[in-house]
>>> print(open('run.pdb').read())   # PDB, C-alpha atoms, pLDDT in the B column
ATOM      1  CA  MET A   1      -7.998 -16.633 -34.731  1.00 71.00           C
ATOM      2  CA  PHE A   2      -6.428 -19.223 -36.990  1.00 86.00           C
ATOM      3  CA  ALA A   3      -4.204 -22.217 -36.209  1.00 87.00           C
ATOM      4  CA  TYR A   4      -1.189 -20.543 -37.835  1.00 92.00           C
ATOM      5  CA  ASP A   5      -1.521 -17.601 -35.437  1.00 96.00           C
ATOM      6  CA  LEU A   6      -0.061 -19.788 -32.684  1.00 96.00           C
ATOM      7  CA  GLY A   7       3.118 -20.472 -34.645  1.00 97.00           C
ATOM      8  CA  PHE A   8       3.678 -16.831 -35.489  1.00 98.00           C
ATOM      9  CA  MET A   9       3.046 -15.790 -31.890  1.00 98.00           C
ATOM     10  CA  GLN A  10       5.662 -18.319 -30.816  1.00 98.00           C
ATOM     11  CA  LEU A  11       8.095 -16.547 -33.163  1.00 98.00           C
ATOM     12  CA  ALA A  12       7.163 -13.231 -31.539  1.00 98.00           C
ATOM     13  CA  LEU A  13       7.925 -14.772 -28.137  1.00 98.00           C
ATOM     14  CA  LEU A  14      11.347 -15.872 -29.399  1.00 98.00           C
ATOM     15  CA  GLU A  15      11.936 -12.351 -30.687  1.00 98.00           C
ATOM     16  CA  ALA A  16      10.993 -10.975 -27.240  1.00 98.00           C
ATOM     17  CA  GLU A  17      13.784 -13.039 -25.671  1.00 97.00           C
ATOM     18  CA  LYS A  18      16.336 -10.904 -27.537  1.00 98.00           C
ATOM     19  CA  SER A  19      15.267  -7.915 -25.443  1.00 97.00           C
ATOM     20  CA  LEU A  20      16.584  -9.589 -22.330  1.00 96.00           C
ATOM     21  CA  LEU A  21      20.154  -9.411 -23.612  1.00 95.00           C
ATOM     22  CA  THR A  22      20.091  -5.629 -23.200  1.00 95.00           C
ATOM     23  CA  GLY A  23      17.907  -5.413 -20.096  1.00 95.00           C
ATOM     24  CA  ASP A  24      14.869  -4.337 -22.064  1.00 97.00           C
ATOM     25  CA  VAL A  25      11.294  -5.393 -21.311  1.00 97.00           C
ATOM     26  CA  PRO A  26      10.773  -8.657 -23.246  1.00 98.00           C
ATOM     27  CA  VAL A  27       8.321  -7.654 -25.949  1.00 98.00           C
ATOM     28  CA  GLY A  28       8.530  -9.073 -29.453  1.00 98.00           C
ATOM     29  CA  ALA A  29       6.738  -8.431 -32.732  1.00 98.00           C
ATOM     30  CA  ILE A  30       6.600 -10.247 -36.057  1.00 98.00           C
ATOM     31  CA  ALA A  31       5.096  -8.894 -39.303  1.00 98.00           C
ATOM     32  CA  VAL A  32       3.738 -11.540 -41.677  1.00 98.00           C
ATOM     33  CA  ARG A  33       2.464 -11.309 -45.240  1.00 98.00           C
ATOM     34  CA  ASP A  34       1.287 -14.308 -47.273  1.00 97.00           C
ATOM     35  CA  GLY A  35       2.616 -16.660 -44.603  1.00 97.00           C
ATOM     36  CA  VAL A  36       6.149 -15.196 -44.722  1.00 98.00           C
ATOM     37  CA  VAL A  37       7.821 -13.207 -41.950  1.00 98.00           C
ATOM     38  CA  ILE A  38       8.751  -9.812 -43.454  1.00 98.00           C
ATOM     39  CA  GLY A  39       9.518  -7.877 -40.281  1.00 98.00           C
ATOM     40  CA  ARG A  40      10.832  -8.531 -36.795  1.00 98.00           C
ATOM     41  CA  GLY A  41      11.380  -6.414 -33.754  1.00 98.00           C
ATOM     42  CA  HIS A  42      12.042  -6.514 -30.057  1.00 98.00           C
ATOM     43  CA  ASN A  43      12.192  -3.781 -27.457  1.00 98.00           C
ATOM     44  CA  ARG A  44      15.439  -1.789 -27.513  1.00 98.00           C
ATOM     45  CA  ARG A  45      14.602   1.287 -25.435  1.00 97.00           C
ATOM     46  CA  GLU A  46      17.366   0.632 -22.914  1.00 96.00           C
ATOM     47  CA  ALA A  47      19.857  -0.532 -25.549  1.00 97.00           C
ATOM     48  CA  ASP A  48      19.281   2.461 -27.832  1.00 98.00           C
ATOM     49  CA  GLY A  49      18.332   5.079 -25.229  1.00 97.00           C
ATOM     50  CA  ASP A  50      15.287   5.750 -27.411  1.00 98.00           C
ATOM     51  CA  PRO A  51      11.737   5.999 -26.065  1.00 97.00           C
ATOM     52  CA  THR A  52      10.367   5.007 -29.493  1.00 98.00           C
ATOM     53  CA  ALA A  53      12.423   1.801 -29.781  1.00 98.00           C
ATOM     54  CA  HIS A  54       9.438  -0.506 -29.361  1.00 98.00           C
ATOM     55  CA  ALA A  55       9.215  -3.975 -30.897  1.00 98.00           C
ATOM     56  CA  GLU A  56       6.230  -3.037 -33.058  1.00 98.00           C
ATOM     57  CA  MET A  57       7.967  -0.024 -34.564  1.00 98.00           C
ATOM     58  CA  PHE A  58      10.946  -2.103 -35.709  1.00 98.00           C
ATOM     59  CA  ALA A  59       8.710  -4.798 -37.192  1.00 98.00           C
ATOM     60  CA  LEU A  60       6.566  -2.224 -39.033  1.00 98.00           C
ATOM     61  CA  ARG A  61       9.622  -0.416 -40.431  1.00 98.00           C
ATOM     62  CA  GLU A  62      11.216  -3.626 -41.661  1.00 98.00           C
ATOM     63  CA  ALA A  63       7.929  -4.780 -43.205  1.00 98.00           C
ATOM     64  CA  ALA A  64       7.537  -1.469 -45.051  1.00 98.00           C
ATOM     65  CA  GLN A  65      11.053  -1.843 -46.465  1.00 98.00           C
ATOM     66  CA  VAL A  66      10.268  -5.354 -47.695  1.00 98.00           C
ATOM     67  CA  VAL A  67       6.889  -4.341 -49.150  1.00 97.00           C
ATOM     68  CA  GLY A  68       8.426  -1.250 -50.712  1.00 98.00           C
ATOM     69  CA  GLU A  69       5.884   1.241 -49.412  1.00 97.00           C
ATOM     70  CA  TRP A  70       4.378   2.500 -46.196  1.00 97.00           C
ATOM     71  CA  ARG A  71       0.948   0.902 -46.743  1.00 97.00           C
ATOM     72  CA  LEU A  72       1.097  -2.554 -45.208  1.00 98.00           C
ATOM     73  CA  HIS A  73      -1.862  -4.128 -47.018  1.00 97.00           C
ATOM     74  CA  GLY A  74      -2.109  -7.850 -46.373  1.00 97.00           C
ATOM     75  CA  VAL A  75       0.198  -7.762 -43.335  1.00 98.00           C
ATOM     76  CA  THR A  76      -0.596  -9.191 -39.919  1.00 98.00           C
ATOM     77  CA  LEU A  77       1.414  -7.981 -36.937  1.00 98.00           C
ATOM     78  CA  TYR A  78       1.929 -10.389 -34.045  1.00 98.00           C
ATOM     79  CA  CYS A  79       2.886  -8.754 -30.735  1.00 98.00           C
ATOM     80  CA  THR A  80       3.426 -10.353 -27.378  1.00 98.00           C
ATOM     81  CA  LEU A  81       1.951  -7.311 -25.593  1.00 98.00           C
ATOM     82  CA  GLU A  82      -0.931  -4.971 -26.339  1.00 98.00           C
ATOM     83  CA  PRO A  83       0.422  -1.910 -28.173  1.00 98.00           C
ATOM     84  CA  CYS A  84       0.799   1.534 -26.656  1.00 98.00           C
ATOM     85  CA  CYS A  85      -0.706   4.644 -28.237  1.00 96.00           C
ATOM     86  CA  MET A  86       2.405   5.358 -30.337  1.00 98.00           C
ATOM     87  CA  CYS A  87       2.518   1.853 -31.785  1.00 98.00           C
ATOM     88  CA  ALA A  88      -1.246   1.696 -32.319  1.00 97.00           C
ATOM     89  CA  GLY A  89      -1.051   5.031 -34.146  1.00 95.00           C
ATOM     90  CA  ALA A  90       1.730   3.700 -36.359  1.00 97.00           C
ATOM     91  CA  MET A  91      -0.413   0.667 -37.182  1.00 97.00           C
ATOM     92  CA  LEU A  92      -3.258   2.929 -38.273  1.00 95.00           C
ATOM     93  CA  LEU A  93      -0.947   5.102 -40.350  1.00 95.00           C
ATOM     94  CA  ALA A  94       0.495   1.981 -42.016  1.00 97.00           C
ATOM     95  CA  ARG A  95      -3.046   0.806 -42.851  1.00 96.00           C
ATOM     96  CA  LEU A  96      -2.280  -2.465 -41.076  1.00 98.00           C
ATOM     97  CA  PRO A  97      -5.281  -4.734 -41.596  1.00 97.00           C
ATOM     98  CA  ARG A  98      -4.764  -7.166 -38.712  1.00 98.00           C
ATOM     99  CA  LEU A  99      -3.144  -7.291 -35.273  1.00 98.00           C
ATOM    100  CA  VAL A 100      -2.803 -10.371 -33.085  1.00 98.00           C
ATOM    101  CA  TYR A 101      -1.463  -9.823 -29.582  1.00 98.00           C
ATOM    102  CA  GLY A 102      -0.836 -11.996 -26.584  1.00 98.00           C
ATOM    103  CA  THR A 103      -1.439 -10.246 -23.293  1.00 98.00           C
ATOM    104  CA  THR A 104      -3.123  -7.018 -22.336  1.00 97.00           C
ATOM    105  CA  GLU A 105      -1.389  -3.914 -20.961  1.00 97.00           C
ATOM    106  CA  PRO A 106      -3.794  -2.528 -18.336  1.00 94.00           C
ATOM    107  CA  ASN A 107      -1.801   0.695 -17.806  1.00 95.00           C
ATOM    108  CA  THR A 108      -1.057   1.913 -21.334  1.00 95.00           C
ATOM    109  CA  GLY A 109      -2.798  -0.492 -23.714  1.00 97.00           C
ATOM    110  CA  CYS A 110      -4.403   1.199 -26.706  1.00 96.00           C
ATOM    111  CA  ALA A 111      -6.087  -1.779 -28.339  1.00 95.00           C
ATOM    112  CA  GLY A 112      -8.918  -1.990 -25.841  1.00 93.00           C
ATOM    113  CA  SER A 113      -7.519  -1.983 -22.302  1.00 94.00           C
ATOM    114  CA  VAL A 114      -7.240   1.757 -21.637  1.00 95.00           C
ATOM    115  CA  ILE A 115      -8.498   3.108 -24.951  1.00 94.00           C
ATOM    116  CA  ASP A 116      -9.100   1.526 -28.330  1.00 93.00           C
ATOM    117  CA  VAL A 117      -7.233   3.517 -30.940  1.00 92.00           C
ATOM    118  CA  LEU A 118      -7.295   0.676 -33.463  1.00 93.00           C
ATOM    119  CA  ARG A 119     -11.068   0.294 -33.680  1.00 88.00           C
ATOM    120  CA  LEU A 120     -12.061   3.906 -33.233  1.00 80.00           C
ATOM    121  CA  ARG A 121     -15.546   4.620 -34.563  1.00 73.00           C
ATOM    122  CA  HIS A 122     -15.490   8.205 -35.768  1.00 72.00           C
ATOM    123  CA  PRO A 123     -16.799   9.796 -38.973  1.00 71.00           C
ATOM    124  CA  ARG A 124     -13.303  11.020 -39.872  1.00 76.00           C
ATOM    125  CA  SER A 125     -11.539   7.773 -39.073  1.00 75.00           C
ATOM    126  CA  ASN A 126     -10.544   6.207 -42.390  1.00 80.00           C
ATOM    127  CA  HIS A 127      -9.052   2.944 -41.127  1.00 85.00           C
ATOM    128  CA  GLN A 128      -9.613   0.323 -38.457  1.00 90.00           C
ATOM    129  CA  VAL A 129      -7.541  -2.703 -37.569  1.00 95.00           C
ATOM    130  CA  ASP A 130      -8.995  -6.152 -36.926  1.00 96.00           C
ATOM    131  CA  VAL A 131      -7.695  -7.094 -33.494  1.00 97.00           C
ATOM    132  CA  PHE A 132      -7.388 -10.589 -32.025  1.00 96.00           C
ATOM    133  CA  VAL A 133      -6.476 -10.792 -28.344  1.00 96.00           C
ATOM    134  CA  GLY A 134      -5.169 -13.551 -26.125  1.00 96.00           C
ATOM    135  CA  VAL A 135      -3.063 -15.746 -28.410  1.00 96.00           C
ATOM    136  CA  LEU A 136      -0.609 -17.497 -26.069  1.00 97.00           C
ATOM    137  CA  ALA A 137      -1.616 -14.923 -23.459  1.00 97.00           C
ATOM    138  CA  GLU A 138      -0.340 -16.932 -20.504  1.00 97.00           C
ATOM    139  CA  GLU A 139       3.105 -17.443 -22.040  1.00 97.00           C
ATOM    140  CA  CYS A 140       3.353 -13.766 -22.992  1.00 98.00           C
ATOM    141  CA  ALA A 141       2.274 -12.615 -19.526  1.00 97.00           C
ATOM    142  CA  ASN A 142       4.640 -15.057 -17.802  1.00 97.00           C
ATOM    143  CA  ARG A 143       7.660 -13.672 -19.678  1.00 96.00           C
ATOM    144  CA  LEU A 144       6.803 -10.153 -18.557  1.00 97.00           C
ATOM    145  CA  GLN A 145       6.052 -11.182 -14.968  1.00 96.00           C
ATOM    146  CA  THR A 146       9.332 -13.081 -14.708  1.00 96.00           C
ATOM    147  CA  PHE A 147      11.243 -10.065 -16.041  1.00 96.00           C
ATOM    148  CA  PHE A 148       9.653  -7.603 -13.611  1.00 95.00           C
ATOM    149  CA  GLN A 149       9.990 -10.011 -10.681  1.00 95.00           C
ATOM    150  CA  GLY A 150      13.698 -10.204 -11.468  1.00 93.00           C
ATOM    151  CA  LEU A 151      13.940  -6.417 -11.338  1.00 89.00           C
ATOM    152  CA  ARG A 152      12.142  -6.321  -7.988  1.00 91.00           C
ATOM    153  CA  ASP A 153      14.431  -9.034  -6.591  1.00 91.00           C
ATOM    154  CA  LYS A 154      17.515  -6.957  -7.421  1.00 82.00           C
TER     155      LYS A 154
END
>>> encode(input="run.pdb", output="structure tokens")
Amino acid sequence: MFAYDLGFMQLALLEAEKSLLTGDVPVGAIAVRDGVVIGRGHNRREADGDPTAHAEMFALREAAQVVGEWRLHGVTLYCTLEPCCMCAGAMLLARLPRLVYGTTEPNTGCAGSVIDVLRLRHPRSNHQVDVFVGVLAEECANRLQTFFQGLRDK
């Protein structure tokens, strides 16, 4: 982990706040290349009625548009929550070199909690992602806990 990872994770946390406006789980993602944010996303499953409307997917799509191709060489993705299998698969397909995430997802996490799609060791696997876990983990977890506590209180 590097000192600048904290600043970019703080931006991902700010992006996660946008999810709350539509009643979505507050997850945010930021794609960075050469120190510049080139993609942003927050959960929009409820807002869009789309099971694939995850923060990571939006950030990856926007980054690919900025880069001008689907290979995201030199890009780091910052996510407030450990990615699911769909998002981890998209990261592999995009050839993402680096992922930094805040808190783990013990039910569906695919970057080490349940399974580790991103660092799969298999003879046919042609790409792995360097994964850094726990950047601003407490802040990321608190946002999620507050959201779900609010749902339970209703």
>>> closest_residue(input="run.pdb", among="A:Val75, A:Leu144, A:Val66, A:Leu96", to="Leu20 in chain A", atoms="only C-alpha atoms")
A:Leu144
>>> residues_around(input="run.pdb", residues="Ile115 in chain A", least_positions_apart="4", cutoff="10 Å", atoms="all atoms listed in the file", output="PyMOL selection string")
chain A and resi 84-85+106+108-111+119-120
>>> write_last_selection(input="run.pdb", atoms="C-alpha atoms", output="PDB file, keeping the file's coordinate frame")
ATOM      1  CA  CYS A  84       0.799   1.534 -26.656  1.00 98.00           C
ATOM      2  CA  CYS A  85      -0.706   4.644 -28.237  1.00 96.00           C
ATOM      3  CA  PRO A 106      -3.794  -2.528 -18.336  1.00 94.00           C
ATOM      4  CA  THR A 108      -1.057   1.913 -21.334  1.00 95.00           C
ATOM      5  CA  GLY A 109      -2.798  -0.492 -23.714  1.00 97.00           C
ATOM      6  CA  CYS A 110      -4.403   1.199 -26.706  1.00 96.00           C
ATOM      7  CA  ALA A 111      -6.087  -1.779 -28.339  1.00 95.00           C
ATOM      8  CA  ARG A 119     -11.068   0.294 -33.680  1.00 88.00           C
ATOM      9  CA  LEU A 120     -12.061   3.906 -33.233  1.00 80.00           C
TER      10      LEU A 120
END
>>> residues_around(input="run.pdb", residues="Leu81 in chain A", least_positions_apart="6", cutoff="8 Å", atoms="only C-alpha atoms", output="list in words")
Val27, Gly28, Tyr101, Gly102, Thr103, Thr104, Glu105 and Cys140 of chain A
>>> resolve_selection(input="run.pdb", expression="the PyMOL selection byres ((chain A and resi 97) around 8)", output="list in words")
Leu72, His73, Gly74, Val75, Thr76, Arg95, Leu96, Arg98, Leu99, Gln128, Val129 and Asp130 of chain A
>>> resolve_selection(input="run.pdb", expression="the PyMOL selection byres ((chain A and resi 132) around 6)", output="list of chain:residue names")
A:Val100, A:Val131, A:Val133
>>> atom_distance(input="run.pdb", atom1="CA of Ala53 in chain A", atom2="CA of Ala16 in chain A")
13.1 Å
>>> closest_atom_pairs(input="run.pdb", of="range 51-74 of chain A", to="range 32-42 of chain A", cutoff="7 Å", atoms="all atoms listed in the file", output="JSON lines")
{"residue": "A:His54", "atom": "CA", "partner": "A:His42", "partner_atom": "CA", "distance": 6.6}
{"residue": "A:Ala55", "atom": "CA", "partner": "A:His42", "partner_atom": "CA", "distance": 3.9}
{"residue": "A:Glu56", "atom": "CA", "partner": "A:Gly41", "partner_atom": "CA", "distance": 6.2}
{"residue": "A:Phe58", "atom": "CA", "partner": "A:Gly41", "partner_atom": "CA", "distance": 4.8}
{"residue": "A:Ala59", "atom": "CA", "partner": "A:Arg40", "partner_atom": "CA", "distance": 4.3}
{"residue": "A:Leu60", "atom": "CA", "partner": "A:Gly39", "partner_atom": "CA", "distance": 6.5}
{"residue": "A:Glu62", "atom": "CA", "partner": "A:Gly39", "partner_atom": "CA", "distance": 4.8}
{"residue": "A:Ala63", "atom": "CA", "partner": "A:Gly39", "partner_atom": "CA", "distance": 4.5}
{"residue": "A:Val66", "atom": "CA", "partner": "A:Ile38", "partner_atom": "CA", "distance": 6.3}
{"residue": "A:Gly74", "atom": "CA", "partner": "A:Arg33", "partner_atom": "CA", "distance": 5.8}
>>> write_last_selection(input="run.pdb", atoms="C-alpha atoms", output="short mmCIF file (atom, residue, chain, number, x, y, z; two decimals), keeping the file's coordinate frame")
data_model
loop_
_atom_site.label_atom_id
_atom_site.label_comp_id
_atom_site.auth_asym_id
_atom_site.auth_seq_id
_atom_site.Cartn_x
_atom_site.Cartn_y
_atom_site.Cartn_z
CA HIS A 54 9.44 -0.51 -29.36
CA ALA A 55 9.22 -3.98 -30.90
CA GLU A 56 6.23 -3.04 -33.06
CA PHE A 58 10.95 -2.10 -35.71
CA ALA A 59 8.71 -4.80 -37.19
CA LEU A 60 6.57 -2.22 -39.03
CA GLU A 62 11.22 -3.63 -41.66
CA ALA A 63 7.93 -4.78 -43.20
CA VAL A 66 10.27 -5.35 -47.70
CA GLY A 74 -2.11 -7.85 -46.37
#
>>> build_atoms(input="run.pdb", residues="range 62-75 of chain A", atoms="N, CA and C atoms", output="short mmCIF file (atom, residue, chain, number, x, y, z; two decimals), in the frame of the given file")
data_model
loop_
_atom_site.label_atom_id
_atom_site.label_comp_id
_atom_site.auth_asym_id
_atom_site.auth_seq_id
_atom_site.Cartn_x
_atom_site.Cartn_y
_atom_site.Cartn_z
N GLU A 62 10.61 -2.59 -40.83
CA GLU A 62 11.22 -3.63 -41.66
C GLU A 62 10.21 -4.14 -42.69
N ALA A 63 8.96 -4.32 -42.28
CA ALA A 63 7.93 -4.78 -43.20
C ALA A 63 7.72 -3.78 -44.33
N ALA A 64 7.71 -2.50 -44.02
CA ALA A 64 7.54 -1.47 -45.05
C ALA A 64 8.69 -1.50 -46.05
N GLN A 65 9.90 -1.74 -45.56
CA GLN A 65 11.05 -1.84 -46.46
C GLN A 65 10.91 -3.03 -47.40
N VAL A 66 10.45 -4.16 -46.87
CA VAL A 66 10.27 -5.35 -47.70
C VAL A 66 9.15 -5.15 -48.71
N VAL A 67 8.04 -4.58 -48.27
CA VAL A 67 6.89 -4.34 -49.15
C VAL A 67 7.22 -3.27 -50.19
N GLY A 68 8.05 -2.31 -49.80
CA GLY A 68 8.43 -1.25 -50.71
C GLY A 68 7.54 -0.03 -50.66
N GLU A 69 6.72 0.06 -49.63
CA GLU A 69 5.88 1.24 -49.41
C GLU A 69 5.39 1.25 -47.97
N TRP A 70 4.81 2.36 -47.58
CA TRP A 70 4.38 2.50 -46.20
C TRP A 70 3.04 1.83 -45.91
N ARG A 71 2.23 1.57 -46.94
CA ARG A 71 0.95 0.90 -46.74
C ARG A 71 1.20 -0.60 -46.61
N LEU A 72 0.81 -1.15 -45.49
CA LEU A 72 1.10 -2.55 -45.21
C LEU A 72 -0.13 -3.44 -45.45
N HIS A 73 -0.72 -3.30 -46.65
CA HIS A 73 -1.86 -4.13 -47.02
C HIS A 73 -1.47 -5.60 -46.98
N GLY A 74 -2.35 -6.42 -46.42
CA GLY A 74 -2.11 -7.85 -46.37
C GLY A 74 -1.17 -8.32 -45.28
N VAL A 75 -0.76 -7.41 -44.40
CA VAL A 75 0.20 -7.76 -43.34
C VAL A 75 -0.55 -7.96 -42.02
#
